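S.K.: Structure file model_30.cif (mmCIF, C-alpha atoms and all ligand atoms) right here:
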data_run
loop_
_atom_site.label_atom_id
_atom_site.label_comp_id
_atom_site.auth_asym_id
_atom_site.auth_seq_id
_atom_site.Cartn_x
_atom_site.Cartn_y
_atom_site.Cartn_z
CA MET A 1 0.00 0.00 0.00
CA ASN A 2 1.31 3.44 -0.91
CA LEU A 3 1.10 5.09 2.51
CA HIS A 4 2.50 8.42 1.29
CA ARG A 5 -0.34 8.64 -1.22
CA TRP A 6 -2.78 8.24 1.66
CA ILE A 7 -1.03 10.88 3.75
CA LYS A 8 -1.35 13.27 0.78
CA HIS A 9 -5.02 12.31 0.34
CA PHE A 10 -5.89 13.15 3.96
CA GLU A 11 -3.90 16.39 3.90
CA LYS A 12 -5.63 17.48 0.68
CA ASN A 13 -9.05 16.46 1.99
CA GLY A 14 -8.52 18.76 4.98
CA SER A 15 -8.81 21.85 2.79
CA HIS A 16 -11.77 23.40 0.93
CA ARG A 17 -14.37 22.33 3.45
CA PRO A 18 -17.35 24.71 3.26
CA GLU A 19 -18.98 24.95 6.69
CA PRO A 20 -22.69 23.98 6.64
CA ASP A 21 -25.04 26.97 6.89
CA TRP A 22 -25.98 26.49 10.57
CA ASN A 23 -27.98 29.72 10.59
CA ALA A 24 -30.26 28.83 7.67
CA PRO A 25 -33.97 28.50 8.62
CA LEU A 26 -34.65 25.01 10.03
CA ALA A 27 -36.64 22.92 7.57
CA LEU A 28 -37.66 20.23 10.12
CA SER A 29 -40.37 20.12 12.75
CA GLY A 30 -42.60 17.94 14.95
CA ARG A 31 -42.00 14.17 15.10
CA THR A 32 -39.37 14.24 12.33
CA LEU A 33 -37.31 16.78 14.28
CA LYS A 34 -37.59 14.74 17.49
CA LYS A 35 -36.57 11.47 15.82
CA LEU A 36 -33.70 13.06 13.93
CA ARG A 37 -32.46 14.73 17.12
CA GLN A 38 -32.25 11.32 18.87
CA SER A 39 -30.48 9.79 15.90
CA ILE A 40 -27.90 12.60 15.54
CA GLN A 41 -27.32 12.44 19.29
CA GLN A 42 -26.18 8.81 19.02
CA PHE A 43 -24.15 9.42 15.87
CA GLN A 44 -22.36 12.37 17.50
CA LEU A 45 -21.04 9.94 20.10
CA GLY A 46 -20.48 6.98 17.76
CA ASP A 47 -18.91 8.81 14.82
CA GLY A 48 -15.72 10.21 16.33
CA GLY A 49 -17.13 11.21 19.71
CA GLY A 50 -15.38 8.33 21.51
CA PRO A 51 -11.73 7.28 21.40
CA ALA A 52 -10.13 8.79 18.27
CA SER A 53 -7.64 5.95 17.75
CA LEU A 54 -7.41 2.20 17.40
CA ILE A 55 -8.06 0.69 20.82
CA ALA A 56 -7.51 -3.07 20.32
CA TRP A 57 -5.27 -4.58 22.99
CA ASN A 58 -2.70 -5.64 20.35
CA ARG A 59 -2.69 -2.44 18.25
CA ASP A 60 0.95 -1.44 19.00
CA GLU A 61 2.44 -4.15 16.81
CA TYR A 62 0.14 -3.15 13.92
CA LEU A 63 1.06 0.53 14.31
CA SER A 64 4.83 -0.05 14.49
CA GLU A 65 5.38 1.46 11.02
CA PRO A 66 5.48 5.29 11.47
CA ALA A 67 3.87 6.08 8.07
CA LEU A 68 0.96 3.73 8.77
CA LYS A 69 0.50 5.26 12.21
CA GLN A 70 0.38 8.71 10.58
CA VAL A 71 -2.31 7.56 8.11
CA ILE A 72 -4.39 6.04 10.92
CA ASP A 73 -4.07 9.25 12.96
CA LEU A 74 -5.22 11.31 9.96
CA TRP A 75 -8.18 8.98 9.44
CA PHE A 76 -9.27 9.35 13.09
CA LYS A 77 -8.76 13.12 12.90
CA GLU A 78 -11.49 13.16 10.26
CA GLU A 79 -13.70 11.00 12.48
CA ARG A 80 -13.22 13.52 15.27
CA GLU A 81 -14.29 16.25 12.83
CA HIS A 82 -17.49 14.29 12.11
CA SER A 83 -18.32 14.40 15.79
CA ARG A 84 -17.76 18.18 15.78
CA LEU A 85 -20.08 18.62 12.78
CA LEU A 86 -22.73 16.36 14.34
CA GLY A 87 -22.45 18.32 17.62
CA ASP A 88 -23.18 21.58 15.76
CA MET A 89 -26.09 19.88 13.98
CA LEU A 90 -27.39 18.66 17.33
CA LYS A 91 -27.33 22.21 18.74
CA ARG A 92 -29.29 23.36 15.68
CA LEU A 93 -31.88 20.65 16.38
CA GLY A 94 -32.13 21.70 20.03
CA GLY A 95 -30.50 18.58 21.49
CA GLU A 96 -27.68 17.90 23.93
CA GLU A 97 -24.69 15.61 23.55
CA ILE A 98 -24.75 12.24 25.31
CA LYS A 99 -21.71 10.66 26.94
CA SER A 100 -22.63 6.98 26.59
CA HIS A 101 -25.03 4.59 24.87
CA TRP A 102 -25.33 0.81 25.28
CA SER A 103 -24.57 0.06 21.61
CA PHE A 104 -21.49 2.30 21.64
CA GLU A 105 -20.14 0.79 24.87
CA LEU A 106 -20.64 -2.72 23.49
CA PHE A 107 -18.91 -1.81 20.22
CA CYS A 108 -15.89 -0.27 22.00
CA GLY A 109 -15.62 -3.27 24.34
CA MET A 110 -15.54 -5.67 21.38
CA ARG A 111 -12.98 -3.53 19.54
CA LYS A 112 -10.76 -3.51 22.59
CA TYR A 113 -10.85 -7.18 23.57
CA LEU A 114 -11.24 -9.01 20.24
CA GLY A 115 -7.97 -7.76 18.72
CA ILE A 116 -6.79 -5.58 15.88
CA GLN A 117 -8.07 -7.66 12.95
CA PHE A 118 -11.56 -7.72 14.43
CA GLU A 119 -11.37 -3.99 15.17
CA LEU A 120 -10.35 -3.07 11.61
CA ALA A 121 -13.07 -5.32 10.13
CA ALA A 122 -15.69 -3.88 12.50
CA LEU A 123 -14.64 -0.31 11.69
CA LEU A 124 -14.85 -1.04 7.97
CA GLY A 125 -18.37 -2.45 8.44
CA THR A 126 -19.30 0.69 10.36
CA GLU A 127 -17.86 2.91 7.62
CA ILE A 128 -19.97 1.19 4.97
CA VAL A 129 -23.26 1.24 6.87
CA SER A 130 -22.83 4.77 8.23
CA HIS A 131 -21.98 5.93 4.70
CA VAL A 132 -25.41 4.60 3.68
CA TYR A 133 -27.01 6.40 6.66
CA TYR A 134 -25.50 9.76 5.63
CA LYS A 135 -26.44 9.24 1.97
CA MET A 136 -30.05 8.57 3.01
CA LEU A 137 -30.07 11.63 5.30
CA ARG A 138 -28.68 13.67 2.38
CA LYS A 139 -31.35 12.35 0.03
CA HIS A 140 -34.40 12.62 2.30
CA GLY A 141 -33.52 15.45 4.72
CA GLY A 142 -34.69 18.74 3.26
CA ASP A 143 -32.69 20.89 5.69
CA PRO A 144 -29.83 22.88 4.04
CA ALA A 145 -27.42 22.57 7.00
CA LEU A 146 -28.13 18.83 7.27
CA ARG A 147 -27.28 18.43 3.59
CA GLY A 148 -24.12 20.53 3.94
CA MET A 149 -22.98 18.38 6.86
CA CYS A 150 -23.76 15.15 4.99
CA ASP A 151 -21.81 16.35 1.93
CA LEU A 152 -18.66 16.76 4.02
CA ILE A 153 -19.03 13.48 5.91
CA ILE A 154 -19.94 11.47 2.76
CA ARG A 155 -16.83 12.86 1.06
CA ASP A 156 -14.63 11.77 4.02
CA GLU A 157 -16.25 8.34 4.40
CA THR A 158 -15.75 7.64 0.68
CA GLY A 159 -12.02 8.15 1.32
CA HIS A 160 -12.06 5.99 4.46
CA ILE A 161 -13.69 3.11 2.60
CA ALA A 162 -11.13 3.45 -0.22
CA PHE A 163 -8.33 3.38 2.38
CA HIS A 164 -9.68 0.12 3.84
CA ARG A 165 -9.86 -1.32 0.32
CA SER A 166 -6.18 -0.49 -0.31
CA ARG A 167 -5.27 -1.90 3.08
CA LEU A 168 -7.09 -5.18 2.40
CA ALA A 169 -5.68 -5.47 -1.14
CA ALA A 170 -2.13 -5.13 0.26
CA GLU A 171 -2.84 -7.59 3.10
CA GLY A 172 -4.30 -10.06 0.58
CA ILE A 173 -1.00 -10.06 -1.32
CA ARG A 174 0.92 -10.75 1.89
CA ASN A 175 -1.31 -13.52 3.23
CA GLY A 176 -2.44 -15.06 -0.09
CA CYS A 177 -6.13 -14.13 0.29
CA ARG A 178 -7.87 -13.63 -3.07
CA TYR A 179 -11.24 -12.57 -1.61
CA GLY A 180 -13.20 -15.41 -3.16
CA TRP A 181 -16.89 -16.32 -2.79
CA PHE A 182 -16.67 -17.53 0.83
CA TRP A 183 -14.95 -14.34 1.99
CA ALA A 184 -17.50 -12.29 0.00
CA LEU A 185 -20.42 -14.18 1.55
CA ARG A 186 -19.14 -13.52 5.08
CA PHE A 187 -18.49 -9.87 4.19
CA ARG A 188 -22.05 -9.40 2.89
CA LEU A 189 -23.52 -11.09 5.97
CA ARG A 190 -21.42 -8.91 8.28
CA GLY A 191 -22.61 -5.87 6.31
CA VAL A 192 -26.25 -6.86 6.78
CA MET A 193 -25.67 -7.49 10.51
CA ALA A 194 -23.89 -4.14 11.03
CA GLY A 195 -26.64 -2.47 8.98
CA THR A 196 -29.32 -4.06 11.15
CA VAL A 197 -27.66 -2.79 14.35
CA LEU A 198 -27.67 0.71 12.83
CA TRP A 199 -31.26 0.31 11.59
CA VAL A 200 -32.54 -0.72 15.04
CA ASN A 201 -31.37 2.60 16.47
CA HIS A 202 -31.95 4.96 13.55
CA ARG A 203 -34.89 3.54 11.60
CA GLY A 204 -37.36 5.95 13.24
CA ALA A 205 -35.47 9.03 12.01
CA LEU A 206 -34.97 7.80 8.46
CA LEU A 207 -38.57 6.58 8.11
CA ALA A 208 -39.84 9.91 9.46
CA LEU A 209 -37.82 11.64 6.73
CA GLY A 210 -39.41 9.42 4.06
CA ALA A 211 -36.94 6.53 3.64
CA THR A 212 -38.05 2.87 3.62
CA ASP A 213 -36.73 -0.44 5.02
CA ALA A 214 -36.28 -1.85 1.52
CA GLU A 215 -34.32 1.18 0.39
CA PHE A 216 -31.93 0.90 3.34
CA TYR A 217 -31.19 -2.80 2.85
CA ARG A 218 -30.92 -2.40 -0.94
CA TRP A 219 -28.33 0.30 -0.39
CA ILE A 220 -26.39 -1.77 2.15
CA TRP A 221 -26.33 -4.78 -0.21
CA ARG A 222 -25.31 -2.64 -3.19
CA ASP A 223 -22.47 -0.88 -1.34
CA ALA A 224 -21.15 -4.17 0.09
CA ASN A 225 -21.10 -5.61 -3.45
CA LEU A 226 -19.41 -2.50 -4.87
CA PHE A 227 -16.72 -2.84 -2.20
CA ILE A 228 -16.14 -6.53 -2.94
CA HIS A 229 -15.85 -6.00 -6.70
CA ALA A 230 -13.56 -2.98 -6.35
CA LEU A 231 -11.37 -4.86 -3.83
CA ARG A 232 -10.99 -7.81 -6.20
CA ARG A 233 -10.07 -5.49 -9.08
CA GLN A 234 -7.53 -3.62 -6.94
CA SER A 235 -6.09 -6.84 -5.58
CA LEU A 236 -5.70 -8.29 -9.07
CA ALA A 237 -4.06 -5.11 -10.39
CA MET A 238 -1.63 -5.09 -7.45
CA ARG A 239 -0.75 -8.76 -8.03
CA HIS A 240 -0.29 -8.12 -11.74
CA ARG A 241 1.99 -5.15 -11.08
CA LEU A 242 4.08 -7.14 -8.62
CA GLU A 243 4.46 -10.11 -10.97
CA HIS A 244 5.53 -7.87 -13.86
CA ASP A 245 7.61 -5.42 -11.86
CA ALA A 246 9.61 -7.98 -9.88
CA PRO A 247 11.61 -9.42 -12.84
CA ALA A 248 12.26 -5.88 -14.18
CA ARG A 249 13.43 -4.72 -10.75
CA ALA A 250 15.68 -7.76 -10.42
CA ARG A 251 17.20 -6.99 -13.86
CA ARG A 252 17.78 -3.34 -12.86
CA THR A 253 19.45 -4.37 -9.58
CA ALA A 254 21.64 -6.88 -11.39
CA MET A 255 22.75 -4.24 -13.90
CA THR A 256 23.49 -1.75 -11.10
CA CYS A 257 25.64 -4.36 -9.38
CA GLY A 258 27.48 -5.08 -12.62
CA ILE A 259 25.85 -8.50 -13.01
CA THR A 260 24.03 -9.07 -16.29
CA PRO A 261 21.08 -11.46 -16.33
CA GLU A 262 22.93 -13.55 -18.92
CA ARG A 263 25.84 -14.14 -16.55
CA GLY A 264 23.58 -14.96 -13.66
CA ILE A 265 24.00 -13.89 -10.07
FE FE A 301 -17.16 9.09 10.39
FE FE A 302 -15.09 6.96 8.64
#
Once more with this new file: its structure as structure tokens, please.
M.R.:
Amino acid sequence: MNLHRWIKHFEKNGSHRPEPDWNAPLALSGRTLKKLRQSIQQFQLGDGGGPASLIAWNRDEYLSEPALKQVIDLWFKEEREHSRLLGDMLKRLGGEEIKSHWSFELFCGMRKYLGIQFELAALLGTEIVSHVYYKMLRKHGGDPALRGMCDLIIRDETGHIAFHRSRLAAEGIRNGCRYGWFWALRFRLRGVMAGTVLWVNHRGALLALGATDAEFYRWIWRDANLFIHALRRQSLAMRHRLEHDAPARARRTAMTCGITPERGI
């Protein structure tokens, strides 16, 4: 994985971020406002409002490479920014921030005790399903500040999902995983499970805005499939590059050392 490319991506993504128009007239009222307030309250805690770092008990070994640690820090910095945006949205909706929620505590406990591979997989699942949540809010919520906030978060989450794809493609090369049908089946099932956990807590808000159950699950299924297909393509391209670059690199090294391929090493 080209970590320096990811550092550049996050640095570039930090600029040109138009602040949502928090002072625009509120286009929400009654039951919709109440349900959305509850939903944003939980998201403000869950999306960057908790620990802004990996918390798995064995994370230190994974983070031993400084460039990777820098990329992970930049990723969590954006998550922290999501919490700030959601906090401002919550104020606009007349709500107050919460400090804990059973689903968040359970999620953090599992991330901590089940190890780094579980944590990364769980965070990827969360990225995909929360991306769907924000896209549905963007589509159905008529409020200008809500849309402005969703635009920023959707843009960031698109990058986070792409980062996880690069990470998995590189790991697949190292451990020989080709992301075949069995892996894809488990990935889709995990996506549906993570989506259901989100839906249990946020269904009321999205339905009040005009979304439907079928639309949510269709979107989850579609985005999980898009991820699988893009990961396979990226993995294949990486493998192809490695297979074709390795002999060329070996030839270049041999020439530099004054050893021609014909003479052998
Ligand atoms: Fe986020
Ligand atoms: Fe994210």
S.K.: Distance limit 9 Å, reference ligand FE 301 (chain A), atoms considered: only C-alpha atoms and all ligand atoms. Which residues make the cut? Give them as an MDAnalysis selection string.
M.R.: chainID A and resid 43 46:48 76 78:83 126:127 130:131 153:154 156:157 160
S.K.: Need to verify the contact set: Thr158 (chain A), 12 Å, all atoms listed in the file, exclusion of same-chain residues closer than 2 positions in sequence. Can you return it as JSON, numbers by chain?
M.R.: {"A": [9, 10, 13, 75, 78, 124, 127, 128, 129, 130, 131, 132, 134, 135, 150, 151, 152, 153, 154, 155, 156, 160, 161, 162, 163, 164, 165, 223, 227]}
S.K.: Restricted to C-alpha atoms, what would the selected residues look like written as a PDB file, keeping the file's coordinate frame?
M.R.:
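What ended up in part-v1.pdb:
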ATOM      1  CA  HIS A   9      -5.020  12.310   0.340  1.00  0.00           C
ATOM      2  CA  PHE A  10      -5.890  13.150   3.960  1.00  0.00           C
ATOM      3  CA  ASN A  13      -9.050  16.460   1.990  1.00  0.00           C
ATOM      4  CA  TRP A  75      -8.180   8.980   9.440  1.00  0.00           C
ATOM      5  CA  GLU A  78     -11.490  13.160  10.260  1.00  0.00           C
ATOM      6  CA  LEU A 124     -14.850  -1.040   7.970  1.00  0.00           C
ATOM      7  CA  GLU A 127     -17.860   2.910   7.620  1.00  0.00           C
ATOM      8  CA  ILE A 128     -19.970   1.190   4.970  1.00  0.00           C
ATOM      9  CA  VAL A 129     -23.260   1.240   6.870  1.00  0.00           C
ATOM     10  CA  SER A 130     -22.830   4.770   8.230  1.00  0.00           C
ATOM     11  CA  HIS A 131     -21.980   5.930   4.700  1.00  0.00           C
ATOM     12  CA  VAL A 132     -25.410   4.600   3.680  1.00  0.00           C
ATOM     13  CA  TYR A 134     -25.500   9.760   5.630  1.00  0.00           C
ATOM     14  CA  LYS A 135     -26.440   9.240   1.970  1.00  0.00           C
ATOM     15  CA  CYS A 150     -23.760  15.150   4.990  1.00  0.00           C
ATOM     16  CA  ASP A 151     -21.810  16.350   1.930  1.00  0.00           C
ATOM     17  CA  LEU A 152     -18.660  16.760   4.020  1.00  0.00           C
ATOM     18  CA  ILE A 153     -19.030  13.480   5.910  1.00  0.00           C
ATOM     19  CA  ILE A 154     -19.940  11.470   2.760  1.00  0.00           C
ATOM     20  CA  ARG A 155     -16.830  12.860   1.060  1.00  0.00           C
ATOM     21  CA  ASP A 156     -14.630  11.770   4.020  1.00  0.00           C
ATOM     22  CA  HIS A 160     -12.060   5.990   4.460  1.00  0.00           C
ATOM     23  CA  ILE A 161     -13.690   3.110   2.600  1.00  0.00           C
ATOM     24  CA  ALA A 162     -11.130   3.450  -0.220  1.00  0.00           C
ATOM     25  CA  PHE A 163      -8.330   3.380   2.380  1.00  0.00           C
ATOM     26  CA  HIS A 164      -9.680   0.120   3.840  1.00  0.00           C
ATOM     27  CA  ARG A 165      -9.860  -1.320   0.320  1.00  0.00           C
ATOM     28  CA  ASP A 223     -22.470  -0.880  -1.340  1.00  0.00           C
ATOM     29  CA  PHE A 227     -16.720  -2.840  -2.200  1.00  0.00           C
TER      30      PHE A 227
END
S.K.: So, with only C-alpha atoms as the atoms that count, which of A:Trp22, A:Tyr179, A:Trp102, A:Trp57 lies closest to Gly115 (chain A)?
M.R.: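 For Gly115 (chain A), the nearest of the given residues is A:Trp57.
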S.K.: If you count only C-alpha atoms, which residues fall within 10 Å of Gly95 (chain A), apart from same-chain ones fewer than 3 positions away, as a compact mmCIF listing (two decimals) with C-alpha atoms, keeping the file's coordinate frame?
M.R.:
# COMPACT_ATOMS: atom_id res chain seq x y z
CA LYS A 34 -37.59 14.74 17.49
CA LEU A 36 -33.70 13.06 13.93
CA ARG A 37 -32.46 14.73 17.12
CA GLN A 38 -32.25 11.32 18.87
CA ILE A 40 -27.90 12.60 15.54
CA GLN A 41 -27.32 12.44 19.29
CA GLY A 87 -22.45 18.32 17.62
CA ASP A 88 -23.18 21.58 15.76
CA MET A 89 -26.09 19.88 13.98
CA LEU A 90 -27.39 18.66 17.33
CA LYS A 91 -27.33 22.21 18.74
CA ARG A 92 -29.29 23.36 15.68
CA ILE A 98 -24.75 12.24 25.31
S.K.: What gap, in Å, lies between CA of Ala169 (chain A) and CA of Leu231 (chain A)?
M.R.: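 Those two atoms sit 6.3 Å apart.
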S.K.: Determine the nearest neighbour of ligand FE 302 (chain A) from the options A:Gly142, A:Gly191, A:Gly125, A:Gly148, counting all atoms listed in the file.
M.R.: A:Gly125
S.K.: Counting all atoms listed in the file, which of A:Leu123, A:Gly49, A:Arg31, A:Leu54 gets nearest to ligand FE 302 (chain A)?
M.R.: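 Closest to ligand FE 302 (chain A) of all the choices is A:Leu123.
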